[in-house]
$ cat run36.txt   # compact mmCIF, C-alpha atoms
# COMPACT_ATOMS: atom_id res chain seq x y z
CA MET W 1 -4.58 17.79 34.17
CA HIS W 2 -2.02 15.27 33.00
CA PRO W 3 1.51 16.33 34.07
CA ILE W 4 2.90 16.02 30.52
CA LYS W 5 0.11 18.15 29.07
CA GLN W 6 0.56 20.70 31.84
CA ALA W 7 4.33 20.81 31.15
CA LEU W 8 3.70 21.34 27.42
CA ILE W 9 1.32 24.23 28.13
CA ILE W 10 3.82 25.87 30.49
CA THR W 11 6.66 25.38 28.00
CA SER W 12 4.63 26.79 25.08
CA THR W 13 3.52 29.79 27.15
CA THR W 14 7.10 30.45 28.22
CA ILE W 15 8.36 30.28 24.63
CA LEU W 16 5.63 32.63 23.39
CA ALA W 17 6.23 35.10 26.21
CA THR W 18 10.00 34.99 25.68
CA THR W 19 9.60 35.49 21.94
CA LEU W 20 7.24 38.44 22.47
CA LEU W 21 9.55 40.10 24.98
CA GLY W 22 12.56 39.37 22.76
CA ASN W 23 10.91 41.08 19.78
CA ILE W 24 9.95 44.09 21.90
CA TYR W 25 13.54 44.39 23.12
CA ALA W 26 14.92 43.91 19.58
CA SER W 27 12.58 46.56 18.19
CA LEU W 28 13.75 49.08 20.78
CA LYS W 29 17.39 48.09 20.28
CA LEU W 30 17.15 48.47 16.49
CA LYS W 31 15.58 51.91 16.95
CA GLN W 32 18.40 52.90 19.30
CA MET W 33 21.07 51.59 16.90
CA ARG W 34 19.55 53.62 14.09
CA ALA W 35 19.49 56.79 16.14
CA GLU W 36 23.13 56.35 17.18
CA ALA W 37 24.46 55.32 13.75
CA TYR W 38 27.30 57.52 12.54
CA ARG W 39 26.36 57.15 8.85
CA PRO W 40 23.03 56.85 7.01
CA THR W 41 23.79 53.47 5.44
CA ASP W 42 23.39 51.90 8.88
CA ARG W 43 20.12 53.70 9.53
CA TYR W 44 18.37 52.45 6.40
CA SER W 45 19.88 49.00 5.84
CA LEU W 46 17.61 45.97 6.13
CA GLY W 47 20.48 43.50 6.05
CA LYS W 48 20.93 42.63 2.38
CA ARG W 49 19.38 45.83 0.98
CA TYR W 50 18.04 49.21 2.07
CA GLU W 51 14.56 50.42 2.82
CA SER W 52 12.66 51.21 -0.36
CA ASN W 53 12.17 54.72 -1.74
CA VAL W 54 14.40 56.60 0.70
CA ASN W 55 15.02 60.19 -0.44
CA VAL W 56 16.56 62.29 2.35
CA ILE W 57 19.45 64.62 3.06
CA GLU W 58 21.57 62.78 5.64
CA THR W 59 24.77 63.46 7.58
CA THR W 60 27.74 61.15 7.93
CA LYS W 61 29.25 62.18 11.27
CA PHE W 62 32.76 60.86 10.55
CA GLY W 63 34.55 58.16 8.59
CA ASP W 64 34.60 54.44 9.28
CA LEU W 65 38.26 54.52 10.37
CA CYS W 66 37.22 56.91 13.13
CA ALA W 67 34.45 54.49 14.09
CA LEU W 68 36.86 51.53 14.09
CA SER W 69 39.16 53.42 16.44
CA GLY W 70 36.31 53.72 18.96
CA THR W 71 35.19 57.26 18.18
CA GLN W 72 31.84 58.33 19.58
CA LYS W 73 32.19 62.04 18.77
CA GLN W 74 33.98 63.80 15.91
CA GLU W 75 36.43 65.63 18.18
CA GLN W 76 37.67 62.29 19.54
CA CYS W 77 39.13 61.37 16.14
CA ILE W 78 42.33 63.31 15.46
CA PHE W 79 42.23 62.58 11.71
CA SER W 80 38.49 63.20 11.24
CA GLU W 81 37.44 65.06 8.12
CA GLY W 82 34.31 66.16 9.91
CA PRO W 83 30.61 65.63 9.16
CA ARG W 84 29.39 65.63 5.55
CA THR W 85 25.81 66.13 4.46
CA ALA W 86 24.59 64.53 1.25
CA LEU W 87 21.58 63.07 -0.55
CA PHE W 88 20.81 59.43 0.31
CA GLN W 89 18.41 57.90 -2.19
CA THR W 90 17.15 54.37 -2.86
CA ASP W 91 14.65 52.95 -5.33
CA ARG W 92 11.71 50.63 -4.74
CA ARG W 93 14.03 47.59 -4.85
CA GLY W 94 16.14 48.89 -1.98
CA TRP W 95 19.35 49.73 -3.89
CA LYS W 96 21.18 53.04 -3.46
CA THR W 97 20.74 54.52 -6.92
CA SER W 98 19.30 57.57 -8.66
CA GLU W 99 18.61 55.84 -11.97
CA LYS W 100 15.54 53.90 -13.05
CA LEU W 101 16.17 50.32 -14.15
CA GLU W 102 13.66 50.74 -16.98
CA LYS W 103 15.78 53.50 -18.54
CA ALA W 104 19.21 51.99 -17.87
CA ASP W 105 21.73 51.08 -20.55
CA PHE W 106 24.00 49.35 -18.00
CA VAL W 107 23.67 47.83 -14.54
CA ILE W 108 26.50 47.96 -11.99
CA ALA W 109 26.43 45.71 -8.94
CA GLY W 110 28.73 46.43 -6.01
CA ASP W 111 29.19 47.31 -2.38
CA SER W 112 29.89 50.42 -0.34
CA PHE W 113 32.35 51.74 -2.95
CA LEU W 114 29.62 51.76 -5.58
CA GLY W 115 27.30 53.43 -3.06
CA ALA W 116 29.93 56.10 -2.18
CA LEU W 117 29.34 55.41 1.50
CA GLY W 118 32.25 57.50 2.69
CA GLY W 119 29.84 60.42 2.72
CA ASP W 120 29.23 61.47 -0.87
CA SER W 121 25.88 62.22 -2.44
CA ASN W 122 24.02 59.97 -4.87
CA LYS W 123 24.93 62.37 -7.67
CA ASP W 124 28.62 61.60 -7.06
CA GLN W 125 28.28 57.82 -7.30
CA LEU W 126 30.07 55.94 -10.06
CA GLY W 127 26.96 55.48 -12.22
CA GLN W 128 26.17 59.19 -12.23
CA GLN W 129 29.80 60.09 -12.97
CA LEU W 130 29.76 57.67 -15.92
CA TYR W 131 26.47 59.13 -17.14
CA ARG W 132 27.98 62.61 -17.27
CA LEU W 133 30.93 61.28 -19.30
CA THR W 134 29.07 59.00 -21.72
CA GLY W 135 25.41 60.04 -21.82
CA LYS W 136 24.57 56.39 -21.07
CA ARG W 137 22.42 55.55 -18.04
CA PHE W 138 23.84 53.32 -15.30
CA TYR W 139 21.58 51.65 -12.75
CA GLU W 140 23.48 50.97 -9.52
CA ALA W 141 22.57 47.94 -7.40
CA ALA W 142 24.56 49.36 -4.48
CA HIS W 143 24.62 47.97 -0.95
CA PRO W 144 27.40 46.48 1.23
CA GLY W 145 27.89 42.81 0.46
CA ASP W 146 30.19 40.27 -1.15
CA PRO W 147 30.59 39.02 -4.76
CA GLY W 148 27.98 36.31 -4.23
CA ASP W 149 25.48 39.02 -3.25
CA TYR W 150 26.33 41.02 -6.39
CA LEU W 151 25.63 38.00 -8.60
CA LEU W 152 22.28 37.41 -6.89
CA ARG W 153 21.36 41.07 -7.51
CA ILE W 154 22.15 40.71 -11.21
CA HIS W 155 20.11 37.51 -11.31
CA GLU W 156 17.15 39.25 -9.67
CA LEU W 157 17.32 42.28 -11.95
CA TYR W 158 17.73 40.14 -15.06
CA GLN W 159 14.56 38.23 -14.19
CA GLU W 160 12.69 41.49 -13.93
CA ARG W 161 14.16 43.29 -16.91
CA PRO W 162 16.78 41.52 -19.08
CA LEU W 163 19.67 43.63 -20.35
CA SER W 164 21.76 41.56 -22.75
CA GLN W 165 25.48 41.61 -21.81
CA LYS W 166 25.31 44.97 -20.05
CA TYR W 167 26.13 44.07 -16.46
CA LEU W 168 29.22 45.25 -14.59
CA LEU W 169 30.68 44.05 -11.26
CA LEU W 170 32.65 46.29 -8.89
CA ILE W 171 35.12 44.24 -6.83
CA PHE W 172 36.99 45.78 -3.88
CA GLU W 173 40.47 44.61 -2.92
CA GLY W 174 39.84 45.18 0.79
CA ASN W 175 37.12 42.59 1.45
CA ASP W 176 35.85 41.00 -1.78
CA LEU W 177 38.84 38.74 -2.42
CA ALA W 178 39.22 35.31 -0.85
CA ILE W 179 41.52 32.35 -0.46
CA LYS W 180 40.33 29.87 -3.09
CA GLY W 181 40.07 26.92 -0.73
CA ASN W 182 37.96 28.94 1.72
CA SER W 183 35.34 30.17 -0.75
CA PHE W 184 32.35 28.42 -2.28
CA PRO W 185 30.49 28.83 -5.57
CA ILE W 186 26.80 29.69 -5.59
CA SER W 187 24.18 28.11 -7.79
CA ILE W 188 22.14 30.46 -9.98
CA GLN W 189 19.67 28.98 -12.41
CA PRO W 190 18.20 30.97 -15.30
CA HIS W 191 14.58 32.03 -14.97
CA PRO W 192 12.45 33.00 -17.96
CA SER W 193 11.63 36.69 -17.83
CA ASP W 194 8.00 37.73 -17.55
CA GLU W 195 6.65 39.33 -20.72
CA ARG W 196 4.71 41.80 -18.57
CA PRO W 197 7.23 43.92 -16.59
CA TRP W 198 4.57 45.29 -14.22
CA LEU W 199 3.64 41.73 -13.20
CA ALA W 200 7.28 40.82 -12.57
CA ALA W 201 7.75 43.98 -10.49
CA THR W 202 4.63 43.17 -8.46
CA ARG W 203 5.85 39.65 -7.84
CA HIS W 204 9.26 40.85 -6.62
CA THR W 205 7.61 43.44 -4.34
CA LEU W 206 5.38 40.77 -2.79
CA ASP W 207 8.41 38.50 -2.33
CA ARG W 208 10.19 41.23 -0.38
CA TRP W 209 7.13 41.95 1.76
CA ILE W 210 6.77 38.27 2.59
CA ALA W 211 10.49 38.10 3.42
CA GLN W 212 10.10 41.05 5.79
CA LEU W 213 7.11 39.40 7.49
CA LYS W 214 9.32 36.36 8.02
CA SER W 215 11.97 38.58 9.65
CA PRO W 216 10.61 39.98 12.94
CA PRO W 217 12.78 42.45 14.91
CA LEU W 218 14.47 39.72 16.94
CA LEU W 219 15.66 37.91 13.81
CA LYS W 220 16.86 41.18 12.25
CA LEU W 221 18.87 42.01 15.37
CA LEU W 222 20.36 38.53 15.47
CA ALA W 223 21.21 38.82 11.76
CA ILE W 224 23.11 42.07 12.43
CA TYR W 225 25.08 40.48 15.27
CA LEU W 226 25.82 37.34 13.22
CA GLU W 227 26.92 39.36 10.20
CA SER W 228 29.23 41.44 12.40
CA TYR W 229 30.69 38.24 13.85
CA ARG W 230 31.08 36.70 10.37
CA ILE W 231 33.00 39.72 9.15
CA GLN W 232 35.34 39.51 12.12
CA ILE W 233 36.18 35.81 11.80
CA ASN W 234 36.48 35.93 7.99
CA ARG W 235 39.09 38.67 7.92
CA ILE W 236 42.17 37.55 5.96
CA THR W 237 44.37 39.85 8.01
CA HIS W 238 45.51 37.77 10.98
CA VAL W 239 45.00 40.64 13.44
CA LYS W 240 42.68 40.57 16.43
CA ALA W 241 41.35 44.11 16.13
CA ASP W 242 40.98 46.86 13.59
CA ALA W 243 43.43 49.71 13.85
CA SER W 244 44.60 52.67 11.82
CA LEU W 245 47.98 53.76 10.54
CA ILE W 246 48.13 57.56 10.55
CA LEU W 247 50.44 59.32 8.09
CA GLU W 248 50.80 62.87 6.87
CA ILE W 249 50.13 63.49 3.18
CA ASN W 250 50.24 67.03 1.77
CA ASN W 251 50.38 68.42 5.32
CA LYS W 252 47.22 66.61 6.41
CA GLN W 253 46.77 63.49 8.48
CA HIS W 254 45.38 60.47 6.62
CA ALA W 255 44.35 57.21 8.24
CA PHE W 256 44.90 53.80 6.63
CA GLY W 257 43.23 50.63 7.81
CA ILE W 258 45.77 48.10 9.12
CA ASN W 259 43.52 45.28 7.88
CA ASN W 260 43.33 46.81 4.40
CA GLY W 261 47.12 47.16 4.38
CA LEU W 262 47.64 43.47 5.14
CA THR W 263 45.00 42.42 2.62
CA SER W 264 46.64 44.55 -0.06
CA ILE W 265 49.86 42.50 0.04
CA ASP W 266 48.42 39.02 0.59
CA LYS W 267 49.62 36.89 -2.34
CA ASN W 268 47.16 34.09 -1.48
CA LEU W 269 44.07 36.13 -2.33
CA SER W 270 42.06 35.86 -5.51
CA LEU W 271 38.50 36.03 -6.74
CA PRO W 272 36.06 33.78 -4.85
CA LEU W 273 34.96 30.65 -6.67
CA SER W 274 31.53 32.18 -7.38
CA ILE W 275 33.16 34.45 -10.00
CA HIS W 276 35.15 31.71 -11.71
CA PRO W 277 33.92 31.28 -15.32
CA ASN W 278 33.04 27.64 -14.63
CA HIS W 279 30.66 28.67 -11.82
CA LEU W 280 28.97 31.76 -13.25
CA GLY W 281 26.36 29.69 -15.08
CA TYR W 282 24.19 31.65 -17.49
CA LEU W 283 25.51 34.93 -16.03
CA LYS W 284 28.80 34.31 -17.83
CA THR W 285 27.20 35.62 -21.01
CA LYS W 286 25.54 38.57 -19.24
CA ILE W 287 28.44 40.12 -17.30
CA LYS W 288 30.40 42.48 -19.50
CA CYS W 289 33.19 43.71 -17.23
CA ILE W 290 34.65 43.24 -13.74
CA ILE W 291 36.16 46.43 -12.30
CA PHE W 292 38.79 46.06 -9.57
CA VAL W 293 39.01 48.82 -6.92
CA PRO W 294 42.28 48.88 -4.90
CA THR W 295 42.50 49.89 -1.25
CA LYS W 296 43.72 53.33 -0.21
CA TYR W 297 46.86 51.56 1.03
CA SER W 298 47.57 50.13 -2.46
CA VAL W 299 47.13 53.55 -4.05
CA TYR W 300 49.07 55.76 -1.62
CA LEU W 301 51.52 53.45 0.17
CA SER W 302 52.48 50.80 -2.37
CA SER W 303 54.18 50.76 -5.76
CA GLN W 304 53.66 47.05 -6.46
CA PRO W 305 51.66 46.21 -9.59
CA LEU W 306 48.69 43.87 -9.29
CA LYS W 307 50.66 40.85 -10.55
CA GLU W 308 53.02 41.19 -7.56
CA ARG W 309 50.33 41.93 -4.97
CA HIS W 310 47.92 39.20 -6.06
CA PRO W 311 49.45 36.84 -8.67
CA ILE W 312 46.59 34.33 -8.40
CA LEU W 313 44.05 37.11 -9.02
CA VAL W 314 45.82 38.08 -12.25
CA LYS W 315 45.51 34.48 -13.47
CA ASP W 316 41.80 34.57 -12.64
CA PHE W 317 41.43 37.76 -14.66
CA GLN W 318 43.08 36.00 -17.61
CA LYS W 319 40.54 33.17 -17.35
CA LEU W 320 37.70 35.70 -17.32
CA ASN W 321 39.15 37.47 -20.36
CA ALA W 322 39.34 34.14 -22.20
CA ALA W 323 35.66 33.59 -21.35
CA GLY W 324 34.74 36.95 -22.89
CA ILE W 325 34.50 39.01 -19.69
CA ALA W 326 36.66 42.13 -19.60
CA THR W 327 38.58 43.08 -16.44
CA LEU W 328 39.91 46.48 -15.44
CA ASP W 329 42.37 47.24 -12.62
CA LEU W 330 41.89 50.83 -11.42
CA THR W 331 45.17 50.88 -9.46
CA PRO W 332 47.35 52.57 -12.16
CA ALA W 333 44.83 55.36 -12.87
CA LEU W 334 44.25 56.11 -9.18
CA ARG W 335 47.98 56.03 -8.37
CA GLN W 336 48.79 58.39 -11.23
CA LYS W 337 46.16 60.86 -10.08
CA ALA W 338 47.16 60.57 -6.42
CA SER W 339 50.81 61.34 -7.30
CA ILE W 340 49.88 64.88 -8.37
CA LYS W 341 50.53 67.01 -5.28
CA THR W 342 47.98 69.65 -6.25
CA GLN W 343 45.29 67.01 -6.73
CA ASN W 344 42.51 66.73 -4.15
CA PRO W 345 42.77 63.51 -2.09
CA LEU W 346 40.97 60.61 -3.77
CA TRP W 347 39.91 59.03 -0.45
CA TRP W 348 38.30 60.53 2.61
CA ARG W 349 41.11 61.06 5.13
CA ASP W 350 39.18 59.29 7.89
CA ASP W 351 37.61 56.53 5.81
CA THR W 352 38.42 53.40 3.83
CA HIS W 353 36.14 54.66 1.02
CA TRP W 354 37.02 56.90 -1.90
CA ASN W 355 35.41 60.30 -2.36
CA LYS W 356 33.96 62.01 -5.43
CA TYR W 357 37.44 62.81 -6.78
CA GLY W 358 38.47 59.17 -6.60
CA ILE W 359 35.18 58.12 -8.18
CA LYS W 360 35.65 60.65 -11.00
CA THR W 361 39.15 59.24 -11.63
CA ALA W 362 37.70 55.74 -11.77
CA ALA W 363 34.95 56.85 -14.17
CA ASP W 364 37.54 58.44 -16.48
CA ALA W 365 39.57 55.21 -16.49
CA ILE W 366 36.51 53.06 -17.24
CA VAL W 367 35.48 55.27 -20.15
CA SER W 368 39.05 55.26 -21.51
CA ASP W 369 39.28 51.47 -21.38
CA LYS W 370 38.72 49.85 -24.77
CA GLN W 371 36.99 46.75 -23.41
CA CYS W 372 34.93 47.52 -20.31
CA LEU W 373 32.17 49.55 -22.02
CA ARG W 374 32.74 48.28 -25.55
$ encode --input "run36.txt" --output "structure tokens"
Amino acid sequence: MHPIKQALIITSTTILATTLLGNIYASLKLKQMRAEAYRPTDRYSLGKRYESNVNVIETTKFGDLCALSGTQKQEQCIFSEGPRTALFQTDRRGWKTSEKLEKADFVIAGDSFLGALGGDSNKDQLGQQLYRLTGKRFYEAAHPGDPGDYLLRIHELYQERPLSQKYLLLIFEGNDLAIKGNSFPISIQPHPSDERPWLAATRHTLDRWIAQLKSPPLLKLLAIYLESYRIQINRITHVKADASLILEINNKQHAFGINNGLTSIDKNLSLPLSIHPNHLGYLKTKIKCIIFVPTKYSVYLSSQPLKERHPILVKDFQKLNAAGIATLDLTPALRQKASIKTQNPLWWRDDTHWNKYGIKTAADAIVSDKQCLR
């Protein structure tokens, strides 16, 4: 056999064997990571969305601030609020929601705050709280991500079932803001909706299946590692490691993320370019309101108004308002509620995420606003 041909056969065999062994290892590693996950969101996430049609009672062992401090067991975290058991439910599209898109009056797109991933049940999420206050139905496209991801979700849902000017975005101060020069717009082109909803739903389901076939275990594992690395290098906090500041509030220890604290006072931060009116494309006429969620640090440990914390962000909000998109800063409402000593804490003590009391306060503020749900 010719030496070159022989070398090609050996090389191809080696690549195939390595790929096979790599996928076997990745499959076992993913299974192990799921079993060891301290919260259900990590057990059911497929990267950009969750597994479809999950409907289980799950336990969050402890908060993310415990995890960031290196906790492996609850008793190792001195500020742990303990395990919490709650309903974890997704729909066929892989979003954490209890509402059907076909019955929705509004759609909210957002990250872990929308999904109440501190340990609350689906029934305590923002959409369900708003439903109880207004009687309107809110579909939640909830999964950890960034503003570009939220826009892509709205684009996908609009293709399947258009809802004219009834889309809301939930933006978190802790990790959704950016330095203008370091962010990039995304390109979203309008797509004519299918007149037969069942056909559009079938097409989207097939697209997801094909995408999963293109993502073997090895690629999924690499994607998790790369996403973790991306989060670390993109932090706007100038610290090498996550840490917690522990303070006593109402005779109980509360932890605050050091990174969130630094982000909360960074005057260089604003909305990423993807949410600038000039870059929203056709979605500019579809998005009704952008709701800003402050960090726990901004609510409990700061008295600065938004215009002092993030002056560039305030100017961006003014541009959105001029383009017909309402904006709502939840900081004043959450601060006012948190100042009441008899009030239940609005955040989990061991987590960067709000709890059902904080979500209820936010829902009240949204309903009271004259523009957001006009």
$ atom_distance --input "run36.txt" --atom1 "atom CA of W:Lys100" --atom2 "atom CA of W:Gly145"
21.4 Å
$ residues_around --input "run36.txt" --residues "W:Lys315" --least-positions-apart "6" --cutoff "12 Å" --atoms "only C-alpha atoms" --output "ChimeraX atom specification"
/W:269-271,276,306-308,321-322,327
$ atom_distance --input "run36.txt" --atom1 "atom CA of W:Gly63" --atom2 "atom CA of W:Arg93"
26.7 Å
$ closest_residue --input "run36.txt" --among "W:Phe317, W:Phe62, W:Tyr297, W:Tyr50" --to "W:Tyr38" --atoms "all atoms listed in the file"
W:Phe62
$ residues_around --input "run36.txt" --residues "W:Ala109" --least-positions-apart "3" --cutoff "10 Å" --atoms "all atoms listed in the file" --output "list of chain:residue names"
W:Trp95, W:Leu114, W:Gly115, W:Tyr139, W:Glu140, W:Ala141, W:Ala142, W:His143, W:Gly145, W:Pro147, W:Asp149, W:Tyr150, W:Leu151, W:Leu152, W:Arg153, W:Ile154, W:Tyr167, W:Leu168, W:Leu169, W:Leu170, W:Ile171, W:Ile290
$ residues_around --input "run36.txt" --residues "W:Thr41" --least-positions-apart "6" --cutoff "10 Å" --atoms "all atoms listed in the file" --output "CSV table (one decimal) with C-alpha atoms, in the frame of the given file"
chain,number,residue,atom,x,y,z
W,34,ARG,CA,19.6,53.6,14.1
W,49,ARG,CA,19.4,45.8,1.0
W,50,TYR,CA,18.0,49.2,2.1
W,58,GLU,CA,21.6,62.8,5.6
W,60,THR,CA,27.7,61.2,7.9
W,88,PHE,CA,20.8,59.4,0.3
W,96,LYS,CA,21.2,53.0,-3.5
W,112,SER,CA,29.9,50.4,-0.3
W,115,GLY,CA,27.3,53.4,-3.1
W,117,LEU,CA,29.3,55.4,1.5
W,118,GLY,CA,32.2,57.5,2.7
W,119,GLY,CA,29.8,60.4,2.7
W,143,HIS,CA,24.6,48.0,-1.0
W,144,PRO,CA,27.4,46.5,1.2
$ closest_residue --input "run36.txt" --among "W:Ser69, W:Thr13, W:Asn122, W:Gln371" --to "W:Ile325" --atoms "all atoms listed in the file"
W:Gln371
$ residues_near_point --input "run36.txt" --point "(31.5, 45.3, -19.2)" --cutoff "10 Å" --atoms "only C-alpha atoms" --output "MDAnalysis selection string"
chainID W and resid 106:108 165:169 286:291 324:328 366 371:374
